[in-house]
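Pasting protein-v1.csv here (CSV, C-alpha atoms):
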chain,number,residue,atom,x,y,z
T,1,MET,CA,272.2,165.0,189.4
T,2,ALA,CA,275.2,164.7,187.1
T,3,ASN,CA,278.7,164.4,188.7
T,4,ALA,CA,277.4,164.8,192.2
T,5,PRO,CA,277.6,162.5,195.2
T,6,LEU,CA,274.7,160.2,196.0
T,7,MET,CA,273.6,162.2,199.0
T,8,PRO,CA,274.7,165.7,198.4
T,9,LYS,CA,273.5,167.3,201.7
T,10,ALA,CA,274.7,164.4,203.9
T,11,THR,CA,278.1,164.5,202.1
T,12,ALA,CA,278.3,168.3,202.6
T,13,VAL,CA,277.5,167.8,206.3
T,14,TRP,CA,280.4,165.4,206.7
T,15,LEU,CA,282.8,167.6,204.8
T,16,VAL,CA,281.9,170.6,206.9
T,17,GLU,CA,282.4,168.7,210.1
T,18,ASN,CA,285.5,166.7,209.3
T,19,THR,CA,287.6,168.7,206.8
T,20,ALA,CA,289.1,172.2,206.3
T,21,LEU,CA,287.7,172.6,202.9
T,22,THR,CA,286.2,176.0,201.9
T,23,PHE,CA,282.5,176.6,201.4
T,24,ASP,CA,283.1,177.1,197.7
T,25,GLN,CA,284.9,173.7,197.4
T,26,ILE,CA,282.2,171.8,199.2
T,27,ALA,CA,279.4,173.6,197.3
T,28,ASP,CA,281.1,172.8,194.0
T,29,PHE,CA,281.6,169.1,194.8
T,30,CYS,CA,278.1,168.6,196.2
T,31,LYS,CA,276.4,170.8,193.6
T,32,LEU,CA,274.9,173.1,196.3
T,33,HIS,CA,274.7,176.8,196.7
T,34,VAL,CA,277.5,178.4,198.8
T,35,LEU,CA,274.9,180.0,201.1
T,36,GLU,CA,273.4,176.6,201.6
T,37,VAL,CA,276.8,175.2,202.7
T,38,LYS,CA,277.3,178.2,205.0
T,39,GLY,CA,273.8,177.4,206.5
T,40,ILE,CA,274.9,173.8,207.2
T,41,ALA,CA,278.0,175.1,209.0
T,42,ASP,CA,275.8,177.5,211.0
T,43,GLY,CA,273.4,174.8,211.9
T,44,GLU,CA,270.5,176.5,210.1
T,45,VAL,CA,270.3,174.0,207.2
T,46,ALA,CA,270.2,170.2,207.1
T,47,GLN,CA,269.3,169.8,210.7
T,48,GLY,CA,268.9,166.2,211.7
T,49,ILE,CA,270.8,164.9,208.6
T,50,LYS,CA,273.6,162.5,209.5
T,51,GLY,CA,276.8,163.1,207.6
T,52,SER,CA,277.9,160.6,204.9
T,53,ASP,CA,281.6,159.9,204.5
T,54,PRO,CA,282.3,160.1,200.7
T,55,MET,CA,285.5,158.1,201.2
T,56,THR,CA,283.6,155.2,202.7
T,57,THR,CA,281.2,155.1,199.8
T,58,GLY,CA,284.1,155.3,197.3
T,59,GLN,CA,283.1,158.6,195.9
T,60,LEU,CA,286.2,160.6,197.0
T,61,ALA,CA,289.8,159.8,197.7
T,62,ARG,CA,291.6,160.9,200.9
T,63,GLU,CA,294.5,162.3,198.8
T,64,GLU,CA,292.0,164.4,196.9
T,65,ILE,CA,290.7,166.0,200.1
T,66,GLU,CA,294.3,166.7,201.3
T,67,ARG,CA,295.2,168.3,198.0
T,68,ALA,CA,292.1,170.5,198.2
T,69,GLU,CA,292.8,171.5,201.8
T,70,LYS,CA,296.3,172.8,200.8
T,71,ASN,CA,295.0,174.6,197.7
T,72,PRO,CA,291.7,176.6,198.1
T,73,ASN,CA,291.5,176.9,194.3
T,74,HIS,CA,291.5,173.1,193.7
T,75,ARG,CA,288.2,171.5,192.8
T,76,LEU,CA,287.3,168.1,194.2
T,77,LYS,CA,286.8,165.4,191.6
T,78,LEU,CA,284.3,162.7,192.1
T,79,LEU,CA,285.6,159.1,191.6
T,80,GLU,CA,284.0,157.0,188.9
T,81,SER,CA,282.0,154.2,190.3
T,82,LYS,CA,283.4,150.8,189.4
T,83,VAL,CA,279.9,149.3,189.5
T,84,ARG,CA,277.7,150.3,186.6
T,85,LEU,CA,274.1,149.7,187.0
T,86,PRO,CA,272.1,148.9,183.9
T,87,GLU,CA,269.6,151.5,182.7
T,88,PRO,CA,266.1,150.6,183.8
T,89,LYS,CA,264.0,149.4,180.9
T,90,ARG,CA,260.8,151.2,180.4
T,91,ARG,CA,257.9,148.9,180.9
T,92,ARG,CA,255.3,148.9,178.2
T,93,GLY,CA,251.8,148.5,179.4
T,94,PRO,CA,248.6,150.3,180.4
T,95,ARG,CA,248.9,153.8,181.7
T,96,TYR,CA,249.0,154.0,185.5
T,97,THR,CA,245.8,155.4,186.9
T,98,PRO,CA,245.6,156.8,190.5
T,99,VAL,CA,243.3,155.0,192.8
T,100,SER,CA,241.1,158.0,193.3
T,101,LYS,CA,240.3,158.1,189.5
T,102,ARG,CA,239.9,154.4,188.8
T,103,GLN,CA,236.2,154.5,189.4
T,104,ASP,CA,235.9,157.0,186.5
T,105,ARG,CA,237.6,154.7,184.0
T,106,PRO,CA,234.4,152.9,182.8
T,107,ASN,CA,232.7,156.2,182.1
T,108,ALA,CA,235.7,157.3,180.1
T,109,ILE,CA,235.8,154.0,178.2
T,110,LEU,CA,232.1,154.4,177.3
T,111,TRP,CA,232.8,158.0,176.1
T,112,LEU,CA,235.6,156.8,173.9
T,113,LEU,CA,233.6,154.0,172.4
T,114,ARG,CA,230.7,156.3,171.5
T,115,ASN,CA,232.7,159.4,170.3
T,116,HIS,CA,235.7,157.6,168.8
T,117,PRO,CA,234.6,154.2,167.5
T,118,GLU,CA,237.6,154.1,165.2
T,119,LEU,CA,240.0,153.7,168.2
T,120,LYS,CA,241.3,150.2,168.8
T,121,ASP,CA,241.2,148.5,172.1
T,122,SER,CA,244.9,148.8,172.5
T,123,GLN,CA,244.6,152.6,172.1
T,124,ILE,CA,241.9,152.9,174.7
T,125,MET,CA,244.1,150.8,177.0
T,126,ARG,CA,247.0,153.2,176.6
T,127,LEU,CA,244.8,156.3,177.1
T,128,VAL,CA,242.9,155.4,180.3
T,129,GLY,CA,245.0,152.5,181.7
T,130,THR,CA,242.4,149.7,181.5
T,131,THR,CA,242.3,146.1,180.3
T,132,LYS,CA,240.8,144.5,177.2
T,133,THR,CA,238.4,142.5,179.4
T,134,THR,CA,236.9,145.7,180.9
T,135,ILE,CA,236.5,147.2,177.4
T,136,GLU,CA,234.7,144.1,176.1
T,137,SER,CA,232.4,144.1,179.1
T,138,ILE,CA,231.4,147.7,178.5
T,139,LYS,CA,230.9,147.0,174.8
T,140,GLU,CA,228.6,144.1,175.5
T,141,ARG,CA,227.0,145.8,178.5
T,142,THR,CA,228.0,143.0,180.8
T,143,HIS,CA,229.9,145.3,183.1
T,144,TRP,CA,228.7,145.0,186.7
T,145,ASN,CA,227.8,148.7,186.8
T,146,ALA,CA,226.6,149.0,183.2
T,147,GLN,CA,223.2,150.5,184.2
T,148,ASN,CA,224.8,153.4,186.0
T,149,LEU,CA,227.6,154.3,183.5
T,150,THR,CA,227.6,157.8,182.0
T,151,PRO,CA,229.9,158.8,179.1
T,152,MET,CA,232.5,161.2,180.4
T,153,ASP,CA,235.4,162.8,178.6
T,154,PRO,CA,238.7,161.2,179.8
T,155,VAL,CA,240.5,164.5,179.4
T,156,THR,CA,238.1,166.3,181.7
T,157,LEU,CA,238.5,163.4,184.2
T,158,GLY,CA,242.2,163.8,184.1
T,159,LEU,CA,242.9,160.3,182.9
T,160,CYS,CA,244.8,161.4,179.8
T,161,SER,CA,245.8,164.7,178.1
T,162,GLN,CA,244.2,166.2,175.0
T,163,ILE,CA,247.4,165.8,173.1
T,164,ASP,CA,247.5,162.0,173.8
T,165,LEU,CA,243.9,161.7,172.7
T,166,ASP,CA,244.5,163.7,169.5
T,167,ILE,CA,247.6,161.5,168.7
T,168,GLU,CA,245.6,158.3,169.0
T,169,VAL,CA,242.8,159.6,166.9
T,170,GLN,CA,245.2,160.7,164.2
T,171,ARG,CA,246.8,157.3,164.2
T,172,SER,CA,243.5,155.5,163.8
T,173,SER,CA,242.5,157.8,160.9
T,174,LYS,CA,245.8,157.0,159.1
T,175,ASP,CA,245.1,153.3,159.4
T,176,ARG,CA,241.7,153.6,157.7
T,177,PRO,CA,241.7,153.4,153.9
T,178,ALA,CA,240.7,156.5,152.1
T,179,SER,CA,237.1,156.4,150.7
T,180,ALA,CA,236.3,157.1,147.1
T,181,ALA,CA,234.2,160.0,148.1
T,182,THR,CA,237.0,161.8,149.8
T,183,SER,CA,239.5,161.1,147.1
T,184,GLY,CA,237.1,162.5,144.4
T,185,GLU,CA,237.9,159.7,142.0
T,186,HIS,CA,235.1,157.7,140.4
T,187,GLU,CA,235.9,154.0,140.2
T,188,ALA,CA,234.9,152.2,137.0
T,189,THR,CA,231.8,150.1,137.2
T,190,LEU,CA,230.6,147.1,135.2
T,191,LEU,CA,228.1,147.5,132.5
T,192,PRO,CA,224.6,146.0,133.0
T,193,VAL,CA,223.9,142.5,131.9
T,194,ASP,CA,221.5,143.4,129.2
T,195,VAL,CA,224.0,145.8,127.7
T,196,SER,CA,227.0,143.4,127.9
T,197,THR,CA,225.0,140.5,126.4
T,198,GLY,CA,223.5,142.6,123.5
T,199,ASP,CA,219.9,142.3,124.5
T,200,GLY,CA,219.4,145.9,125.4
T,201,PRO,CA,220.1,149.1,123.6
T,202,GLU,CA,223.7,149.7,122.6
T,203,PRO,CA,225.5,152.1,124.8
T,204,PHE,CA,226.0,155.6,123.5
T,205,VAL,CA,229.4,156.1,122.1
T,206,PRO,CA,230.3,159.7,121.1
T,207,THR,CA,231.5,160.1,117.6
T,208,ARG,CA,234.8,161.7,117.0
T,209,LYS,CA,235.3,164.5,114.5
T,210,PRO,CA,237.3,163.6,111.4
T,211,ARG,CA,240.8,164.9,111.6
T,212,GLU,CA,241.1,168.0,109.5
T,213,GLU,CA,243.8,168.0,106.8
T,214,PRO,CA,246.2,170.9,106.7
T,215,ILE,CA,245.2,173.6,104.2
T,216,ASN,CA,247.4,173.8,101.1
T,217,LEU,CA,247.4,177.4,99.9
T,218,GLU,CA,248.6,176.6,96.4
T,219,THR,CA,245.7,174.3,95.8
T,220,VAL,CA,243.2,176.9,97.0
T,221,PHE,CA,244.6,179.6,94.8
T,222,ALA,CA,244.7,177.3,91.8
T,223,LYS,CA,241.0,176.5,92.3
T,224,LEU,CA,240.2,180.1,92.6
T,225,GLY,CA,242.1,180.9,89.4
T,226,GLY,CA,240.3,178.2,87.5
T,227,SER,CA,236.8,179.3,88.6
T,228,ARG,CA,237.5,182.9,87.5
T,229,LYS,CA,238.7,181.7,84.1
T,230,SER,CA,235.6,179.7,83.5
T,231,GLU,CA,233.4,182.7,84.5
T,232,ALA,CA,235.2,184.9,81.8
T,233,GLU,CA,234.6,182.3,79.1
T,234,ASP,CA,230.9,182.2,79.9
T,235,GLU,CA,230.5,186.0,79.6
T,236,GLU,CA,232.1,185.9,76.1
With the file now loaded, output its structure as structure tokens.
Amino acid sequence: MANAPLMPKATAVWLVENTALTFDQIADFCKLHVLEVKGIADGEVAQGIKGSDPMTTGQLAREEIERAEKNPNHRLKLLESKVRLPEPKRRRGPRYTPVSKRQDRPNAILWLLRNHPELKDSQIMRLVGTTKTTIESIKERTHWNAQNLTPMDPVTLGLCSQIDLDIEVQRSSKDRPASAATSGEHEATLLPVDVSTGDGPEPFVPTRKPREEPINLETVFAKLGGSRKSEAEDEE
């Protein structure tokens, strides 16, 4: 909880018992509801919780408490800790699997190997929290219980979510090269040996139509005029 003492209820118990602060001030400092603080004062809430002195733990100054006791509108300010703890590093490794579900992991691994052979061993390890040795033993049927294994969906078993499974399947599909059939492009192939060496029939090569020259209208009309003139001379 941000900007709150380490033990909010225990701190509230101590402030209620040892100071003259209002319920609103204690609730604001401990990040609790006002009615919850009132219940602490009435003995209905936090029974059996020992009060924690915020001054001893270095979370609140005495002067701050005295200032707040004199002014009901003053809000207590939490002292900044002089010791800064490093942020815990997230450990990368196999997913943790509850003890009650560990007996189902071999069945889930067998299901993944049969239904999603494109998955890598590292992906299966992330999904069901297993080891590479176990995966190899199930692949080679050297697992101690190989005769009794039954493929079972890890999502149904609760070992992983459907979203996690879909993400791993999409990753593996992206890693595979696209086939020529799916791309729709035909790759060029080599000619047979008899064709390339000249022993067989020559490959068919389509002939191209000669390029047509642009029509000159003056030449056409000149030819037409000459032909008409020759016809007139023949009639005479």
Exercise: Leu79 in chain T partners within 9 Å, all atoms listed in the file, chain neighbours under 3 positions left out, as a list in words: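 Surrounding residues, per the criterion: Gly58, Gln59, Leu60, Ala61 and Lys82 of chain T.
Our summary of the geometry notes that CA of Ala10 in chain T is positioned 8.3 Å from CA of Asp53 in chain T.
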Interatomic distance (Å, one decimal) between CA of Glu168 in chain T and CA of Leu127 in chain T: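 Taking CA of Glu168 in chain T and CA of Leu127 in chain T, their separation equals 8.4 Å.
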Straight-line distance linking CA of Ser172 in chain T with CA of Arg102 in chain T, stated in Å to one decimal: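 Between these atoms lies a distance of 25.3 Å.
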Test item: residues at most 12 Å from Glu136 in chain T, only C-alpha atoms, excluding those fewer than 4 positions along its chain, as a list in words: Pro106, Ile109, Leu110, Leu113, Lys120, Asp121, Ser122, Ile124, Met125, Thr130, Thr131, Lys132, Glu140, Arg141, Thr142, His143 and Ala146 of chain T
From T:Val169, T:Val128, T:Ile135, T:Leu32, residue lying nearest Thr156 in chain T [all atoms listed in the file]: T:Val128
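Distances to Ser52 in chain T were evaluated for T:Ala68, T:Leu21, T:Met7, T:Cys30 using all atoms listed in the file, and the minimum falls at T:Met7.
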From T:Leu76, T:Leu157, T:Val37, T:Val45, residue lying nearest Glu64 in chain T [only C-alpha atoms]: T:Leu76
Which residue of T:Lys31, T:Lys77, T:Lys70, T:Arg114 approaches Pro151 in chain T most closely, using all atoms listed in the file: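 Ranking T:Lys31, T:Lys77, T:Lys70, T:Arg114 by distance to Pro151 in chain T, first place goes to T:Arg114.
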Distance criterion (all atoms listed in the file): nearest to Gly51 in chain T out of T:Val13, T:Val34, T:Cys160, T:Ile138: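 Closest to Gly51 in chain T, using all atoms listed in the file: T:Val13.
Residue nearest Ile26 in chain T within the list T:Arg75, T:Ala46, T:Met55, T:Ile167: T:Arg75 [criterion: smallest interatomic distance, all atoms listed in the file].
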Within 8 Å of Asn107 in chain T using only C-alpha atoms, minus same-chain residues under 6 positions, as a list in words: Leu149, Thr150, Pro151, Met152 and Asp153 of chain T
